[in-house]
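Peer 1: As input, take entry_2.tsv (TSV, C-alpha atoms):
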chain	number	residue	atom	x	y	z
J	1	SER	CA	9.53	-7.16	-18.25
J	2	GLU	CA	7.36	-9.40	-16.05
J	3	ALA	CA	5.70	-9.03	-12.68
J	4	HIS	CA	7.74	-11.06	-10.17
J	5	LEU	CA	5.93	-11.05	-6.85
J	6	ALA	CA	7.97	-12.70	-4.11
J	7	GLY	CA	7.57	-16.47	-3.95
J	8	THR	CA	5.94	-16.87	-7.38
J	9	PRO	CA	7.28	-18.86	-10.37
J	10	ASN	CA	8.19	-15.57	-12.10
J	11	ASP	CA	10.21	-14.59	-9.02
J	12	LYS	CA	12.16	-17.86	-9.20
J	13	LYS	CA	12.67	-17.31	-12.92
J	14	GLN	CA	14.12	-13.86	-12.28
J	15	ALA	CA	16.38	-15.18	-9.51
J	16	GLU	CA	17.76	-17.84	-11.87
J	17	TRP	CA	18.27	-15.25	-14.63
J	18	THR	CA	20.14	-13.02	-12.18
J	19	LYS	CA	22.29	-15.96	-11.04
J	20	ASP	CA	23.18	-16.68	-14.67
J	21	GLN	CA	24.16	-13.03	-15.21
J	22	PHE	CA	26.39	-13.00	-12.11
J	23	GLU	CA	28.09	-16.22	-13.17
J	24	SER	CA	28.68	-14.83	-16.67
J	25	PHE	CA	30.63	-12.02	-14.94
J	26	GLY	CA	32.79	-14.60	-13.15
J	27	LEU	CA	31.03	-14.37	-9.76
J	28	GLU	CA	30.42	-17.55	-7.78
J	29	THR	CA	26.66	-17.53	-7.12
J	30	LYS	CA	24.09	-19.80	-5.50
J	31	ILE	CA	20.41	-19.62	-4.64
J	32	ASP	CA	19.31	-20.59	-1.14
J	33	THR	CA	15.74	-21.56	-0.33
J	34	TYR	CA	13.72	-20.36	2.66
J	35	TRP	CA	10.09	-20.71	3.72
J	36	PRO	CA	8.87	-17.31	4.97
J	37	LEU	CA	5.25	-16.33	5.42
J	38	LEU	CA	3.97	-14.60	2.26
J	39	ASN	CA	0.42	-13.50	1.53
J	40	TYR	CA	-1.26	-13.10	-1.84
J	41	PRO	CA	-4.48	-11.30	-2.79
J	42	VAL	CA	-7.52	-13.48	-3.46
J	43	SER	CA	-10.03	-10.67	-3.97
J	44	HIS	CA	-10.45	-7.05	-2.94
J	45	ARG	CA	-13.24	-4.51	-2.94
J	46	LEU	CA	-13.79	-0.99	-1.62
J	47	ALA	CA	-17.17	0.71	-1.66
J	48	LEU	CA	-18.67	3.83	-0.14
J	49	VAL	CA	-22.19	3.22	1.14
J	50	SER	CA	-24.89	5.20	2.90
J	51	GLY	CA	-27.08	2.99	5.03
J	52	PRO	CA	-27.44	-0.72	4.31
J	53	LYS	CA	-28.29	-0.52	0.60
J	54	HIS	CA	-27.25	2.79	-0.99
J	55	LEU	CA	-24.02	2.31	-2.98
J	56	ARG	CA	-22.50	5.74	-3.54
J	57	PHE	CA	-19.17	4.76	-5.08
J	58	GLU	CA	-17.10	1.67	-5.84
J	59	ALA	CA	-13.36	1.95	-6.33
J	60	LYS	CA	-11.98	0.32	-9.46
J	61	LEU	CA	-8.72	-0.73	-7.71
J	62	THR	CA	-6.95	-1.19	-11.04
J	63	GLU	CA	-4.37	0.80	-12.95
J	64	ASP	CA	-5.16	2.01	-16.47
J	65	PRO	CA	-3.22	0.28	-19.26
J	66	VAL	CA	-0.75	2.30	-21.29
J	67	ASP	CA	-0.59	1.68	-25.04
J	68	GLU	CA	3.20	1.49	-25.34
J	69	ASP	CA	3.65	-0.57	-22.15
J	70	GLU	CA	2.84	-4.23	-22.82
J	71	THR	CA	3.20	-5.15	-19.15
J	72	SER	CA	0.31	-2.84	-18.24
J	73	ARG	CA	-2.07	-5.15	-20.12
J	74	ASP	CA	-0.77	-8.34	-18.56
J	75	PRO	CA	-3.78	-10.26	-17.11
J	76	ASN	CA	-1.45	-11.59	-14.41
J	77	VAL	CA	-0.40	-8.16	-13.18
J	78	VAL	CA	-0.09	-7.97	-9.41
J	79	PRO	CA	-3.39	-6.62	-7.99
J	80	LEU	CA	-3.37	-3.58	-5.74
J	81	PHE	CA	-2.72	-4.96	-2.27
J	82	HIS	CA	-0.48	-4.58	0.76
J	83	GLY	CA	1.94	-7.31	1.65
J	84	TYR	CA	1.16	-8.65	5.14
J	85	SER	CA	-2.17	-6.86	5.30
J	86	LYS	CA	-4.67	-8.54	7.60
J	87	ASN	CA	-7.32	-10.57	5.77
J	88	GLY	CA	-10.91	-9.58	6.42
J	89	THR	CA	-13.90	-7.38	5.70
J	90	VAL	CA	-14.68	-4.22	7.65
J	91	GLN	CA	-17.28	-1.50	7.45
J	92	GLY	CA	-17.13	1.81	9.24
J	93	ARG	CA	-17.05	5.58	8.98
J	94	ILE	CA	-14.21	7.09	6.98
J	95	VAL	CA	-11.85	9.41	8.83
J	96	TYR	CA	-9.17	11.32	6.92
J	97	ALA	CA	-5.97	11.11	8.98
J	98	ASN	CA	-3.48	13.07	6.84
J	99	TYR	CA	-0.14	11.20	6.71
J	100	GLY	CA	-1.19	8.67	9.34
J	101	ARG	CA	1.48	9.79	11.78
J	102	LEU	CA	0.98	9.40	15.51
J	103	GLN	CA	0.59	13.17	15.84
J	104	ASP	CA	-2.09	13.16	13.14
J	105	PHE	CA	-4.20	10.61	14.99
J	106	GLN	CA	-3.53	12.37	18.29
J	107	PHE	CA	-4.78	15.64	16.76
J	108	LEU	CA	-8.04	13.96	15.73
J	109	LYS	CA	-8.45	12.43	19.17
J	110	ASP	CA	-7.74	15.78	20.85
J	111	GLN	CA	-10.43	17.39	18.69
J	112	GLY	CA	-12.99	14.88	19.96
J	113	ILE	CA	-13.12	12.67	16.87
J	114	ASP	CA	-14.16	9.12	17.82
J	115	LEU	CA	-11.77	6.81	15.95
J	116	ASN	CA	-12.97	3.47	17.30
J	117	GLY	CA	-14.21	1.24	14.49
J	118	THR	CA	-13.47	3.77	11.76
J	119	ILE	CA	-11.52	3.28	8.55
J	120	ALA	CA	-8.53	5.62	8.33
J	121	LEU	CA	-7.87	7.27	4.97
J	122	MET	CA	-4.23	8.36	4.86
J	123	ARG	CA	-1.82	9.56	2.23
J	124	TYR	CA	1.59	8.18	1.43
J	125	GLY	CA	4.57	10.20	2.66
J	126	GLY	CA	5.99	11.31	5.97
J	127	ASN	CA	6.47	7.82	7.38
J	128	PHE	CA	6.60	4.18	6.31
J	129	ARG	CA	3.29	2.68	5.16
J	130	GLY	CA	3.43	-0.05	7.82
J	131	LEU	CA	3.67	2.58	10.55
J	132	LYS	CA	0.57	4.30	9.15
J	133	VAL	CA	-1.39	1.07	9.54
J	134	ARG	CA	0.06	0.51	13.01
J	135	ALA	CA	-0.94	4.01	14.10
J	136	ALA	CA	-4.46	3.44	12.81
J	137	GLU	CA	-4.63	0.15	14.67
J	138	THR	CA	-3.25	1.73	17.86
J	139	PHE	CA	-5.95	4.43	17.82
J	140	GLY	CA	-8.77	1.91	17.39
J	141	CYS	CA	-9.41	1.98	13.65
J	142	ALA	CA	-10.89	-1.13	12.04
J	143	GLY	CA	-9.22	-0.65	8.65
J	144	ALA	CA	-6.74	1.48	6.73
J	145	LEU	CA	-6.59	3.00	3.25
J	146	ILE	CA	-3.43	4.66	1.90
J	147	TYR	CA	-3.48	6.70	-1.29
J	148	SER	CA	-0.86	8.49	-3.37
J	149	ASP	CA	-1.54	12.23	-3.21
J	150	PRO	CA	-0.59	14.21	-6.34
J	151	ILE	CA	1.04	16.94	-4.25
J	152	ASP	CA	3.97	14.55	-3.73
J	153	ASP	CA	4.50	12.91	-7.13
J	154	GLY	CA	1.59	13.95	-9.33
J	155	PRO	CA	1.25	16.57	-12.09
J	156	LEU	CA	0.81	19.48	-9.71
J	157	ASN	CA	2.71	22.77	-9.44
J	158	LYS	CA	5.77	21.28	-11.11
J	159	ASP	CA	5.49	23.00	-14.49
J	160	ASN	CA	8.60	24.28	-16.23
J	161	SER	CA	9.76	24.51	-19.80
J	162	SER	CA	11.87	21.34	-19.78
J	163	ASN	CA	9.67	19.19	-17.54
J	164	PRO	CA	5.96	19.77	-18.16
J	165	ALA	CA	3.55	18.75	-15.43
J	166	GLU	CA	1.97	15.79	-17.16
J	167	SER	CA	1.37	12.25	-15.99
J	168	TYR	CA	2.95	9.13	-17.42
J	169	PRO	CA	3.13	8.31	-20.31
J	170	ASN	CA	3.08	11.97	-21.45
J	171	GLY	CA	5.26	13.16	-18.57
J	172	PRO	CA	7.17	11.91	-15.52
J	173	TRP	CA	4.46	12.20	-12.87
J	174	ARG	CA	2.26	9.52	-11.33
J	175	SER	CA	-0.97	8.97	-13.24
J	176	LYS	CA	-4.35	9.26	-11.53
J	177	SER	CA	-4.95	5.48	-11.47
J	178	SER	CA	-1.48	4.52	-10.25
J	179	ALA	CA	-1.15	3.15	-6.72
J	180	GLN	CA	1.81	2.15	-4.56
J	181	ARG	CA	1.96	-1.50	-3.55
J	182	GLY	CA	4.26	-2.77	-0.81
J	183	SER	CA	4.53	-4.37	2.60
J	184	VAL	CA	2.80	-2.98	5.67
J	185	GLN	CA	4.90	-5.06	8.05
J	186	TYR	CA	5.71	-3.19	11.27
J	187	LEU	CA	9.40	-2.94	10.39
J	188	SER	CA	10.40	-0.93	13.45
J	189	LEU	CA	9.29	-3.90	15.58
J	190	LEU	CA	10.22	-6.85	13.37
J	191	ALA	CA	12.02	-7.25	10.05
J	192	GLY	CA	12.24	-10.41	7.99
J	193	ASP	CA	9.86	-13.35	8.21
J	194	PRO	CA	7.13	-12.42	10.72
J	195	LEU	CA	6.85	-15.98	12.03
J	196	THR	CA	10.54	-16.63	12.72
J	197	PRO	CA	11.69	-13.50	14.58
J	198	GLY	CA	15.47	-13.29	14.83
J	199	TYR	CA	16.30	-16.55	13.07
J	200	PRO	CA	16.13	-17.93	9.50
J	201	ALA	CA	12.88	-19.22	8.03
J	202	THR	CA	14.21	-22.68	7.26
J	203	GLU	CA	11.77	-25.44	6.37
J	204	ASN	CA	11.64	-26.93	9.87
J	205	ALA	CA	12.16	-23.75	11.89
J	206	THR	CA	9.96	-23.15	14.94
J	207	ARG	CA	7.24	-20.69	13.98
J	208	ILE	CA	5.15	-18.45	16.18
J	209	LYS	CA	1.45	-17.94	15.51
J	210	ALA	CA	0.57	-15.08	13.15
J	211	GLU	CA	-1.62	-13.47	15.80
J	212	ASP	CA	1.38	-13.43	18.18
J	213	SER	CA	3.76	-11.76	15.71
J	214	PRO	CA	4.55	-8.13	16.64
J	215	GLY	CA	5.29	-7.40	13.00
J	216	LEU	CA	1.87	-8.20	11.54
J	217	ALA	CA	-1.10	-5.86	11.24
J	218	LYS	CA	-4.30	-6.74	13.06
J	219	ILE	CA	-6.48	-4.69	10.67
J	220	PRO	CA	-6.90	-4.95	6.88
J	221	SER	CA	-5.52	-2.27	4.58
J	222	LEU	CA	-5.51	-1.35	0.90
J	223	PRO	CA	-3.45	0.96	-1.31
J	224	LEU	CA	-5.42	3.43	-3.42
J	225	SER	CA	-4.82	5.67	-6.39
J	226	TRP	CA	-5.77	9.31	-5.96
J	227	GLU	CA	-8.49	8.72	-8.54
J	228	ASP	CA	-10.14	6.22	-6.17
J	229	ALA	CA	-9.44	8.33	-3.09
J	230	LEU	CA	-11.01	11.52	-4.44
J	231	PRO	CA	-14.70	10.51	-4.17
J	232	ILE	CA	-14.08	9.35	-0.59
J	233	LEU	CA	-12.43	12.64	0.31
J	234	LYS	CA	-15.33	14.52	-1.30
J	235	ALA	CA	-17.75	12.57	0.90
J	236	THR	CA	-16.03	13.99	4.00
J	237	GLN	CA	-16.35	17.59	2.78
J	238	GLY	CA	-17.77	19.87	5.48
J	239	LEU	CA	-17.78	17.17	8.15
J	240	GLY	CA	-15.68	16.82	11.30
J	241	VAL	CA	-12.88	19.27	12.08
J	242	ARG	CA	-10.40	21.13	9.93
J	243	GLY	CA	-6.79	20.01	10.24
J	244	GLU	CA	-3.75	22.18	10.49
J	245	GLU	CA	-1.98	23.63	7.46
J	246	ASP	CA	-0.05	20.50	6.42
J	247	TRP	CA	-3.26	18.45	6.27
J	248	SER	CA	-4.18	19.70	2.79
J	249	GLY	CA	-2.84	17.65	-0.11
J	250	GLY	CA	-3.11	18.23	-3.83
J	251	LEU	CA	-6.74	17.21	-4.25
Translate this structure into structure tokens?

Peer 2:
Amino acid sequence: SEAHLAGTPNDKKQAEWTKDQFESFGLETKIDTYWPLLNYPVSHRLALVSGPKHLRFEAKLTEDPVDEDETSRDPNVVPLFHGYSKNGTVQGRIVYANYGRLQDFQFLKDQGIDLNGTIALMRYGGNFRGLKVRAAETFGCAGALIYSDPIDDGPLNKDNSSNPAESYPNGPWRSKSSAQRGSVQYLSLLAGDPLTPGYPATENATRIKAEDSPGLAKIPSLPLSWEDALPILKATQGLGVRGEEDWSGGL
């Protein structure tokens, strides 16, 4: 019933509520305290520009409220952001990189697409979001955008008599403004607190520098709804090379 981002007062409130529930069932329960690195969004912006002054599009980066869902109108709702994203501002050409898999970036490179300094636009699915950002970083991209494509969980080609292809709240599918939050930590290299690899993040634990952590991204990233991704995809129409058959999503 409330947003409970890790490390916030609402998160502590939920932990204490859960502890009370467990104890009411007769389970011995305690809450331990640790001091991991956590990041929180201060501000975010995404714009498509031509030249230094021509603003072509600005993403709204918000989810539409739903009348019957009080939490969707909460002014303290968690903004669209990636946990452990790198802080910073980047500007560069947009390159659509399909699912952001290594083979997707390799295909672009093999086709002669210069990826250095670009911003990779990728869709969720196929691999973990942190590995998408890592692949973009590995191939020289300066930033990463990950959007939810309707072909996976949107109101597309899923029509039947008992389950009409409509978006929430009129149906089960992701709405056009909905976006997937979550961590982009490089989990295959490091899980847990990025600054205390292999040992608990106690208050006085020895911590490595963030720039030395193998689990943290070195480029900024943002999650997008497909509503915000569509104008960016349209701007790439007719440019570059055409991908193979699994490169086409539902837009």

Peer 1: Hey, which of J:Leu61, J:Lys218, J:Asn76, J:Ala165 ends up closest to J:Ala135? Count all atoms listed in the file.

Peer 2: J:Lys218

Peer 1: Which of these, J:Pro172, J:Pro220, J:Gly250, J:Gly182, has the shortest distance to J:Leu80 once you count all atoms listed in the file?

Peer 2: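 Ranked by minimum distance to J:Leu80, first place goes to J:Gly182.
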
Peer 1: To one decimal in Å, tell me the separation between atom CA of J:Gly171 and atom CA of J:Tyr124.

Peer 2: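 Between atom CA of J:Gly171 and atom CA of J:Tyr124 the gap works out to 20.9 Å.
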
Peer 1: Counting only C-alpha atoms, which of J:Ala205, J:Ile94, J:Val78, J:Leu190 gets nearest to J:Ser50?

Peer 2: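 Closest residue, counting only C-alpha atoms: J:Ile94.
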
Peer 1: Contacts of J:Gly143 at 12 Å or less, counting only C-alpha atoms, minus same-chain residues fewer than 4 places along, as a short mmCIF file (atom, residue, chain, number, x, y, z; two decimals) with C-alpha atoms, in the coordinates of the input?

Peer 2:
data_model
loop_
_atom_site.label_atom_id
_atom_site.label_comp_id
_atom_site.auth_asym_id
_atom_site.auth_seq_id
_atom_site.Cartn_x
_atom_site.Cartn_y
_atom_site.Cartn_z
CA LEU J 46 -13.79 -0.99 -1.62
CA SER J 85 -2.17 -6.86 5.30
CA LYS J 86 -4.67 -8.54 7.60
CA ASN J 87 -7.32 -10.57 5.77
CA GLY J 88 -10.91 -9.58 6.42
CA THR J 89 -13.90 -7.38 5.70
CA VAL J 90 -14.68 -4.22 7.65
CA GLN J 91 -17.28 -1.50 7.45
CA GLY J 92 -17.13 1.81 9.24
CA ARG J 93 -17.05 5.58 8.98
CA ILE J 94 -14.21 7.09 6.98
CA VAL J 95 -11.85 9.41 8.83
CA LEU J 115 -11.77 6.81 15.95
CA ASN J 116 -12.97 3.47 17.30
CA GLY J 117 -14.21 1.24 14.49
CA THR J 118 -13.47 3.77 11.76
CA ILE J 119 -11.52 3.28 8.55
CA ALA J 120 -8.53 5.62 8.33
CA LEU J 121 -7.87 7.27 4.97
CA MET J 122 -4.23 8.36 4.86
CA LYS J 132 0.57 4.30 9.15
CA VAL J 133 -1.39 1.07 9.54
CA ARG J 134 0.06 0.51 13.01
CA ALA J 135 -0.94 4.01 14.10
CA ALA J 136 -4.46 3.44 12.81
CA GLU J 137 -4.63 0.15 14.67
CA THR J 138 -3.25 1.73 17.86
CA PHE J 139 -5.95 4.43 17.82
CA ALA J 217 -1.10 -5.86 11.24
CA LYS J 218 -4.30 -6.74 13.06
CA ILE J 219 -6.48 -4.69 10.67
CA PRO J 220 -6.90 -4.95 6.88
CA SER J 221 -5.52 -2.27 4.58
CA LEU J 222 -5.51 -1.35 0.90
CA PRO J 223 -3.45 0.96 -1.31
#

Peer 1: Show which residues sit within 10 Å of J:Glu70, as JSON, numbers by chain. Count all atoms listed in the file, and ignore same-chain residues fewer than 5 positions away.

Peer 2: {"J": [1, 2, 65]}

Peer 1: Here is a test: counting all atoms listed in the file, which residue of J:Ala142, J:Val241, J:Leu131, J:Val49 is nearest to J:Val184?

Peer 2: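 Between J:Ala142, J:Val241, J:Leu131, J:Val49, the residue approaching J:Val184 most closely is J:Leu131.
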
Peer 1: Which residue, J:Ile146, J:Gly112, J:Leu37, J:Thr62, has the smallest gap to J:Leu195 when you use all atoms listed in the file?

Peer 2: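 Nearest candidate to J:Leu195 out of J:Ile146, J:Gly112, J:Leu37, J:Thr62: J:Leu37.
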
Peer 1: May I have the protein, DNA and RNA residues with any atom at most 9 Å from the point (3.6, -7.8, 8.7), counting only C-alpha atoms, written as an MDAnalysis selection string?

Peer 2: chainID J and resid 83:86 130 183:187 190:191 193:194 213:217

Peer 1: Need to verify the contact set: J:Ala6, 10 Å, all atoms listed in the file, exclusion of same-chain residues closer than 3 positions in sequence. Can you return it as a PyMOL selection string?

Peer 2: chain J and resi 3+9-12+38-40+83

Peer 1: Write out, as a PDB file, in the coordinates of the input, the residues just selected, with C-alpha atoms.

Peer 2:
ATOM      1  CA  ALA J   3       5.700  -9.030 -12.680  1.00  0.00           C
ATOM      2  CA  PRO J   9       7.280 -18.860 -10.370  1.00  0.00           C
ATOM      3  CA  ASN J  10       8.190 -15.570 -12.100  1.00  0.00           C
ATOM      4  CA  ASP J  11      10.210 -14.590  -9.020  1.00  0.00           C
ATOM      5  CA  LYS J  12      12.160 -17.860  -9.200  1.00  0.00           C
ATOM      6  CA  LEU J  38       3.970 -14.600   2.260  1.00  0.00           C
ATOM      7  CA  ASN J  39       0.420 -13.500   1.530  1.00  0.00           C
ATOM      8  CA  TYR J  40      -1.260 -13.100  -1.840  1.00  0.00           C
ATOM      9  CA  GLY J  83       1.940  -7.310   1.650  1.00  0.00           C
TER      10      GLY J  83
END

Peer 1: Could you check how far atom CA of J:Ala210 sits from atom CA of J:Gly126, in Å to one decimal?

Peer 2: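 About the pair atom CA of J:Ala210 and atom CA of J:Gly126: they are 27.9 Å apart.
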
Peer 1: To one decimal in Å, tell me the separation between atom CA of J:Glu227 and atom CA of J:Arg181.

Peer 2: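 About the pair atom CA of J:Glu227 and atom CA of J:Arg181: they are 15.4 Å apart.
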
Peer 1: My list of candidates is J:Asp149, J:Gly154, J:Thr206, J:Arg242. Which is closest to J:Tyr168 when distances are computed with all atoms listed in the file?

Peer 2: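 Going through J:Asp149, J:Gly154, J:Thr206, J:Arg242 one by one, the smallest distance to J:Tyr168 is for J:Gly154.
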
Peer 1: Using only the atoms of stretch 65-75 of chain J listed in the file, plus 6 Å on each side, state the axis-aligned box centre and edge lengths in Å rounded to one decimal, as lines of an AutoDock Vina configuration file.

Peer 2:
center_x = -0.1
center_y = -4.0
center_z = -21.2
size_x = 19.4
size_y = 24.6
size_z = 20.2

Peer 1: Mind checking which residues fall within 7 Å of stretch 176-179 of chain J, counting all atoms listed in the file, ignoring those fewer than 5 positions away in the same chain, and posting them as an NGL selection string?

Peer 2: :J and (62-64 or 147-148 or 223-227)
